[in-house]
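Coordinates as given in final-v2.pdb (PDB, C-alpha atoms):
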ATOM      1  CA  MET X   1     143.253  39.156 147.424
ATOM      2  CA  PHE X   2     140.221  40.895 148.888
ATOM      3  CA  THR X   3     138.419  41.074 152.235
ATOM      4  CA  GLY X   4     134.782  41.023 151.162
ATOM      5  CA  ILE X   5     134.183  44.517 152.553
ATOM      6  CA  ILE X   6     132.504  46.342 149.655
ATOM      7  CA  GLU X   7     133.757  49.860 148.983
ATOM      8  CA  ALA X   8     131.262  50.977 146.351
ATOM      9  CA  THR X   9     128.604  49.916 143.910
ATOM     10  CA  ALA X  10     128.643  50.950 140.276
ATOM     11  CA  LEU X  11     126.481  50.686 137.186
ATOM     12  CA  THR X  12     127.208  48.339 134.319
ATOM     13  CA  LYS X  13     127.798  50.480 131.227
ATOM     14  CA  ARG X  14     128.424  47.966 128.422
ATOM     15  CA  LYS X  15     129.249  44.332 127.806
ATOM     16  CA  THR X  16     130.632  42.514 124.765
ATOM     17  CA  ASP X  17     131.773  38.927 124.165
ATOM     18  CA  ASP X  18     135.040  39.607 125.968
ATOM     19  CA  LEU X  19     134.665  42.961 127.764
ATOM     20  CA  LEU X  20     132.828  44.352 130.764
ATOM     21  CA  ILE X  21     132.714  48.129 131.192
ATOM     22  CA  ILE X  22     131.454  49.640 134.431
ATOM     23  CA  GLU X  23     131.166  53.064 135.970
ATOM     24  CA  ARG X  24     134.283  54.203 137.858
ATOM     25  CA  PRO X  25     133.574  55.273 141.451
ATOM     26  CA  GLU X  26     135.233  58.561 142.419
ATOM     27  CA  ILE X  27     136.987  56.908 145.377
ATOM     28  CA  PHE X  28     138.828  54.576 142.979
ATOM     29  CA  ASP X  29     141.396  57.295 142.352
ATOM     30  CA  ASP X  30     144.455  55.133 143.071
ATOM     31  CA  ILE X  31     143.990  52.363 140.531
ATOM     32  CA  VAL X  32     146.101  51.808 137.435
ATOM     33  CA  ILE X  33     146.015  49.527 134.409
ATOM     34  CA  GLY X  34     146.450  46.013 135.800
ATOM     35  CA  SER X  35     144.814  46.730 139.164
ATOM     36  CA  SER X  36     142.719  43.860 140.495
ATOM     37  CA  ILE X  37     139.125  44.766 141.289
ATOM     38  CA  SER X  38     136.470  42.477 142.762
ATOM     39  CA  VAL X  39     133.368  42.951 140.604
ATOM     40  CA  SER X  40     130.490  41.273 142.464
ATOM     41  CA  GLY X  41     133.042  38.832 143.832
ATOM     42  CA  VAL X  42     134.901  38.169 140.575
ATOM     43  CA  CYS X  43     138.559  39.193 140.451
ATOM     44  CA  LEU X  44     139.074  41.152 137.232
ATOM     45  CA  SER X  45     142.045  43.202 136.007
ATOM     46  CA  VAL X  46     141.619  46.751 134.745
ATOM     47  CA  VAL X  47     142.714  46.833 131.073
ATOM     48  CA  LYS X  48     141.543  50.333 130.191
ATOM     49  CA  MET X  49     140.154  53.242 132.173
ATOM     50  CA  ASN X  50     139.294  56.895 132.139
ATOM     51  CA  ASN X  51     137.751  59.249 134.686
ATOM     52  CA  THR X  52     134.280  57.715 134.357
ATOM     53  CA  GLU X  53     134.740  54.066 133.280
ATOM     54  CA  LEU X  54     136.687  50.897 134.058
ATOM     55  CA  GLU X  55     137.149  48.240 131.392
ATOM     56  CA  PHE X  56     137.912  44.564 132.032
ATOM     57  CA  ASN X  57     138.629  41.594 129.763
ATOM     58  CA  VAL X  58     136.416  38.626 130.630
ATOM     59  CA  VAL X  59     137.239  35.104 129.447
ATOM     60  CA  GLU X  60     134.718  32.394 128.562
ATOM     61  CA  GLU X  61     135.312  30.459 131.815
ATOM     62  CA  THR X  62     134.369  33.560 133.834
ATOM     63  CA  TRP X  63     131.188  34.122 131.828
ATOM     64  CA  ASN X  64     130.284  30.420 132.322
ATOM     65  CA  VAL X  65     130.983  30.102 136.081
ATOM     66  CA  THR X  66     129.705  33.476 137.333
ATOM     67  CA  ASN X  67     126.575  35.566 136.882
ATOM     68  CA  LEU X  68     128.437  38.353 135.039
ATOM     69  CA  ASP X  69     127.039  37.071 131.721
ATOM     70  CA  SER X  70     123.531  38.021 132.858
ATOM     71  CA  LEU X  71     124.470  41.660 133.590
ATOM     72  CA  LYS X  72     122.613  44.264 131.577
ATOM     73  CA  GLU X  73     123.309  47.953 131.063
ATOM     74  CA  GLY X  74     122.297  49.784 134.233
ATOM     75  CA  ASP X  75     122.679  46.788 136.567
ATOM     76  CA  ASN X  76     124.576  47.535 139.780
ATOM     77  CA  VAL X  77     127.673  45.578 140.825
ATOM     78  CA  ASN X  78     129.585  45.440 144.129
ATOM     79  CA  LEU X  79     133.193  46.689 143.983
ATOM     80  CA  GLU X  80     136.271  46.265 146.135
ATOM     81  CA  ARG X  81     139.884  47.148 145.395
ATOM     82  CA  SER X  82     142.507  44.536 146.241
ATOM     83  CA  VAL X  83     144.038  44.514 149.711
ATOM     84  CA  ARG X  84     147.315  46.315 150.308
ATOM     85  CA  ALA X  85     149.858  44.641 152.591
ATOM     86  CA  ASP X  86     149.596  47.511 155.095
ATOM     87  CA  GLN X  87     145.795  47.224 155.538
ATOM     88  CA  ARG X  88     143.697  45.549 158.193
ATOM     89  CA  LEU X  89     142.078  42.324 157.060
ATOM     90  CA  ASP X  90     138.453  43.007 157.956
ATOM     91  CA  GLY X  91     135.964  40.464 156.617
ATOM     92  CA  HIS X  92     137.811  37.312 155.581
ATOM     93  CA  ILE X  93     140.302  36.278 152.893
ATOM     94  CA  VAL X  94     138.487  36.371 149.562
ATOM     95  CA  GLN X  95     140.349  35.463 146.393
ATOM     96  CA  GLY X  96     137.797  36.592 143.840
ATOM     97  CA  HIS X  97     137.782  33.069 142.386
ATOM     98  CA  VAL X  98     134.048  32.489 142.145
ATOM     99  CA  GLU X  99     133.206  28.797 142.290
ATOM    100  CA  GLY X 100     129.665  29.016 140.972
ATOM    101  CA  THR X 101     126.324  30.658 141.469
ATOM    102  CA  ALA X 102     123.368  30.141 143.799
ATOM    103  CA  GLU X 103     119.712  31.123 143.518
ATOM    104  CA  VAL X 104     118.106  33.625 145.871
ATOM    105  CA  ILE X 105     115.138  31.987 147.642
ATOM    106  CA  SER X 106     114.206  34.985 149.804
ATOM    107  CA  ASN X 107     115.629  38.301 150.917
ATOM    108  CA  GLU X 108     113.522  39.775 153.694
ATOM    109  CA  ASN X 109     113.546  40.704 157.371
ATOM    110  CA  GLY X 110     117.345  40.945 157.466
ATOM    111  CA  GLU X 111     117.883  37.415 156.163
ATOM    112  CA  LEU X 112     119.111  36.282 152.748
ATOM    113  CA  VAL X 113     118.349  32.641 151.911
ATOM    114  CA  ILE X 114     119.994  31.020 148.892
ATOM    115  CA  ARG X 115     119.815  27.588 147.259
ATOM    116  CA  MET X 116     123.338  26.264 146.787
ATOM    117  CA  PRO X 117     124.606  23.646 144.324
ATOM    118  CA  LYS X 118     125.441  20.349 146.063
ATOM    119  CA  GLU X 119     129.125  20.578 145.169
ATOM    120  CA  LEU X 120     129.407  23.955 146.907
ATOM    121  CA  ILE X 121     127.254  23.511 150.013
ATOM    122  CA  LYS X 122     128.946  20.332 151.233
ATOM    123  CA  PHE X 123     131.922  22.247 152.665
ATOM    124  CA  CYS X 124     129.978  25.207 154.077
ATOM    125  CA  VAL X 125     129.732  25.311 157.857
ATOM    126  CA  ARG X 126     127.410  27.167 160.222
ATOM    127  CA  LYS X 127     129.189  30.271 161.582
ATOM    128  CA  GLY X 128     131.778  29.929 158.790
ATOM    129  CA  SER X 129     132.554  32.621 156.241
ATOM    130  CA  ILE X 130     131.236  32.827 152.696
ATOM    131  CA  ALA X 131     131.491  35.498 149.995
ATOM    132  CA  ILE X 132     128.209  36.188 148.205
ATOM    133  CA  GLU X 133     128.498  38.723 145.378
ATOM    134  CA  GLY X 134     131.920  39.511 146.838
ATOM    135  CA  VAL X 135     130.537  40.390 150.278
ATOM    136  CA  SER X 136     132.084  38.684 153.320
ATOM    137  CA  LEU X 137     129.255  37.128 155.342
ATOM    138  CA  THR X 138     128.783  34.646 158.169
ATOM    139  CA  ILE X 139     126.629  31.580 157.531
ATOM    140  CA  ALA X 140     123.690  31.656 159.979
ATOM    141  CA  SER X 141     122.123  28.314 159.062
ATOM    142  CA  ILE X 142     122.294  25.449 156.602
ATOM    143  CA  GLU X 143     119.383  23.142 155.861
ATOM    144  CA  ARG X 144     119.643  20.646 153.000
ATOM    145  CA  ASP X 145     120.637  22.788 149.986
ATOM    146  CA  GLU X 146     119.624  26.133 151.509
ATOM    147  CA  LEU X 147     121.975  28.482 153.302
ATOM    148  CA  SER X 148     121.053  31.686 155.130
ATOM    149  CA  VAL X 149     123.028  34.738 156.177
ATOM    150  CA  ALA X 150     121.964  37.710 158.289
ATOM    151  CA  LEU X 151     122.212  41.128 156.647
ATOM    152  CA  ILE X 152     122.642  44.246 158.738
ATOM    153  CA  PRO X 153     121.054  47.450 157.411
ATOM    154  CA  HIS X 154     124.502  48.844 156.461
ATOM    155  CA  THR X 155     125.128  45.882 154.154
ATOM    156  CA  ARG X 156     121.704  46.192 152.525
ATOM    157  CA  GLU X 157     122.206  49.929 151.939
ATOM    158  CA  ASN X 158     125.807  49.834 150.680
ATOM    159  CA  THR X 159     125.776  46.763 148.430
ATOM    160  CA  THR X 160     123.498  45.320 145.780
ATOM    161  CA  PHE X 161     121.734  43.176 148.426
ATOM    162  CA  GLY X 162     118.985  45.744 148.925
ATOM    163  CA  THR X 163     117.622  44.932 145.467
ATOM    164  CA  LEU X 164     118.107  41.135 145.347
ATOM    165  CA  LYS X 165     114.886  39.192 144.898
ATOM    166  CA  ALA X 166     113.780  35.559 144.701
ATOM    167  CA  GLY X 167     115.085  33.921 141.536
ATOM    168  CA  ASP X 168     118.162  36.161 141.203
ATOM    169  CA  SER X 169     121.544  34.513 140.703
ATOM    170  CA  VAL X 170     124.437  35.351 143.053
ATOM    171  CA  ASN X 171     128.160  34.589 142.802
ATOM    172  CA  ILE X 172     129.552  32.259 145.478
ATOM    173  CA  GLU X 173     133.079  31.829 146.850
ATOM    174  CA  ARG X 174     133.435  29.589 149.876
ATOM    175  CA  ASP X 175     135.982  30.296 152.590
ATOM    176  CA  ILE X 176     139.331  29.037 151.332
ATOM    177  CA  THR X 177     139.912  27.175 154.614
ATOM    178  CA  THR X 178     136.868  24.938 154.037
ATOM    179  CA  ARG X 179     137.569  23.902 150.445
ATOM    180  CA  SER X 180     138.713  20.406 149.604
TER     181      SER X 180
END

So that I can check it, write out the structure of this file as structure tokens.
Amino acid sequence: MFTGIIEATALTKRKTDDLLIIERPEIFDDIVIGSSISVSGVCLSVVKMNNTELEFNVVEETWNVTNLDSLKEGDNVNLERSVRADQRLDGHIVQGHVEGTAEVISNENGELVIRMPKELIKFCVRKGSIAIEGVSLTIASIERDELSVALIPHTRENTTFGTLKAGDSVNIERDITTRS
């Protein structure tokens, strides 16, 4: 379980048919083999690591449902370690079970607008929570198949949102309390 409060971003190092290897942030000094890490909203387990890299197995379903398959060497990803039982739950409960992707329509003036698939937008509610690329956000508005969220400067500067542009694909996980 995660909170959607991103701790670091990291570069994609390599990708194969069943592996994703990313840069290991220095602050991730307490992880072990088997640790759950949210990688741009996708819960993955560390299968191998060293001082500079984290390696994850990725199954076909994950490649198909998320945008991880489109990652290239040098692309940045959002990272969050799993919640410990003695931590505050900032953000909202995020499982890391990405339900699909959405398309960025615009990302300017502190507002991110995305086009959502019909099967995902129907249970989104204004002022409800949503995880986009693993980031816990509050839905500002919904109109037809478009959803917008407000982005504070801190979020833009400390996640991959500062570089998102129209046409990009983002991972989506709706608030667990709104799912059918």

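With all atoms listed in the file as the atoms that count, the minimum distance from Gly134 in chain X to the choices X:Thr52, X:Ser148, X:Thr9, X:Ser70 is reached by X:Thr9.
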
Query raised in the report: What's the 6 Å shell around Lys127 in chain X, counting all atoms listed in the file, without same-chain residues fewer than 5 positions away, as a ChimeraX atom specification?
Result: /X:138-140

Query - Answer as a ChimeraX atom specification, residues within 8 Å of (122.5, 37.2, 146.5) using all atoms listed in the file - result: /X:102-104,112,114,132-133,161,164,168-171

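Of the listed residues (X:Ile93, X:Ile121, X:Val58, X:Ile27), X:Val58 comes nearest to Val39 in chain X; the distances count all atoms listed in the file.
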
Query raised in the report: So how many Å separate CA of Leu147 in chain X and CA of Gly167 in chain X, to one decimal?
Result: 14.7 Å

Closest pair table for range 52-135 of chain X residues within 12 Å of range 154-158 of chain X, only C-alpha atoms, as JSON lines:
{"residue": "X:Asn76", "atom": "CA", "partner": "X:Asn158", "partner_atom": "CA", "distance": 11.2}
{"residue": "X:Val77", "atom": "CA", "partner": "X:Asn158", "partner_atom": "CA", "distance": 10.9}
{"residue": "X:Asn78", "atom": "CA", "partner": "X:Asn158", "partner_atom": "CA", "distance": 8.7}
{"residue": "X:Leu79", "atom": "CA", "partner": "X:Asn158", "partner_atom": "CA", "distance": 10.5}
{"residue": "X:Glu80", "atom": "CA", "partner": "X:Asn158", "partner_atom": "CA", "distance": 12.0}
{"residue": "X:Asn107", "atom": "CA", "partner": "X:Arg156", "partner_atom": "CA", "distance": 10.1}
{"residue": "X:Glu108", "atom": "CA", "partner": "X:Arg156", "partner_atom": "CA", "distance": 10.5}
{"residue": "X:Asn109", "atom": "CA", "partner": "X:Arg156", "partner_atom": "CA", "distance": 11.0}
{"residue": "X:Gly110", "atom": "CA", "partner": "X:Arg156", "partner_atom": "CA", "distance": 8.4}
{"residue": "X:Glu111", "atom": "CA", "partner": "X:Arg156", "partner_atom": "CA", "distance": 10.2}
{"residue": "X:Leu112", "atom": "CA", "partner": "X:Arg156", "partner_atom": "CA", "distance": 10.2}
{"residue": "X:Ile132", "atom": "CA", "partner": "X:Thr155", "partner_atom": "CA", "distance": 11.8}
{"residue": "X:Glu133", "atom": "CA", "partner": "X:Thr155", "partner_atom": "CA", "distance": 11.8}
{"residue": "X:Gly134", "atom": "CA", "partner": "X:Thr155", "partner_atom": "CA", "distance": 11.8}
{"residue": "X:Val135", "atom": "CA", "partner": "X:Thr155", "partner_atom": "CA", "distance": 8.6}

Query raised in the report: So how many Å separate CA of Leu71 in chain X and CA of Glu53 in chain X, to one decimal?
Result: 16.1 Å

Requested in this report: Could you tell me which of X:Thr101, X:Ser38, X:Thr3, X:Thr160 comes closest to Leu89 in chain X if we count only C-alpha atoms?
Outcome: X:Thr3

Show which residues sit within 6 Å of range 18-24 of chain X, as a CSV table (one decimal) with C-alpha atoms, in the coordinates of the input. Count all atoms listed in the file, and ignore same-chain residues fewer than 6 positions away.
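Final output, around18.csv:
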chain,number,residue,atom,x,y,z
X,10,ALA,CA,128.6,51.0,140.3
X,11,LEU,CA,126.5,50.7,137.2
X,12,THR,CA,127.2,48.3,134.3
X,52,THR,CA,134.3,57.7,134.4
X,53,GLU,CA,134.7,54.1,133.3
X,54,LEU,CA,136.7,50.9,134.1
X,55,GLU,CA,137.1,48.2,131.4
X,56,PHE,CA,137.9,44.6,132.0
X,57,ASN,CA,138.6,41.6,129.8
X,58,VAL,CA,136.4,38.6,130.6

Query raised in the report: So how far away is CA of Thr62 in chain X from CA of Gly100 in chain X, in Å?
Result: 9.7 Å

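Distances here use all atoms listed in the file; by that measure, the residue among X:Gly128, X:Val94, X:Glu119, X:Thr178 closest to Ser82 in chain X is X:Val94.
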
Report task. I would like the residues chosen by the PyMOL selection byres ((chain X and resi 35) around 8) on the shown file; could you give them as number ranges by chain? Result -> X: 31-34, 36-37, 45-46, 81-82

Using all atoms of range 23-36 of chain X that appear in the file, construct an axis-aligned enclosing box with 4 Å of padding on every side and provide its centre coordinates and edge lengths in Å, rounded to one decimal, as JSON.
{"center_x": 138.8, "center_y": 51.2, "center_z": 139.9, "size_x": 23.3, "size_y": 22.7, "size_z": 19.0}

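Shell of Val98 in chain X at 6 Å, with all atoms listed in the file counted and residues fewer than 3 places along the chain excluded, is X:Val42, X:Ile172, X:Glu173.
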
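Distances from X:His97, X:Met49, X:Asp90, X:Ala166 to Val65 in chain X were compared using only C-alpha atoms, and the smallest one belongs to X:His97.
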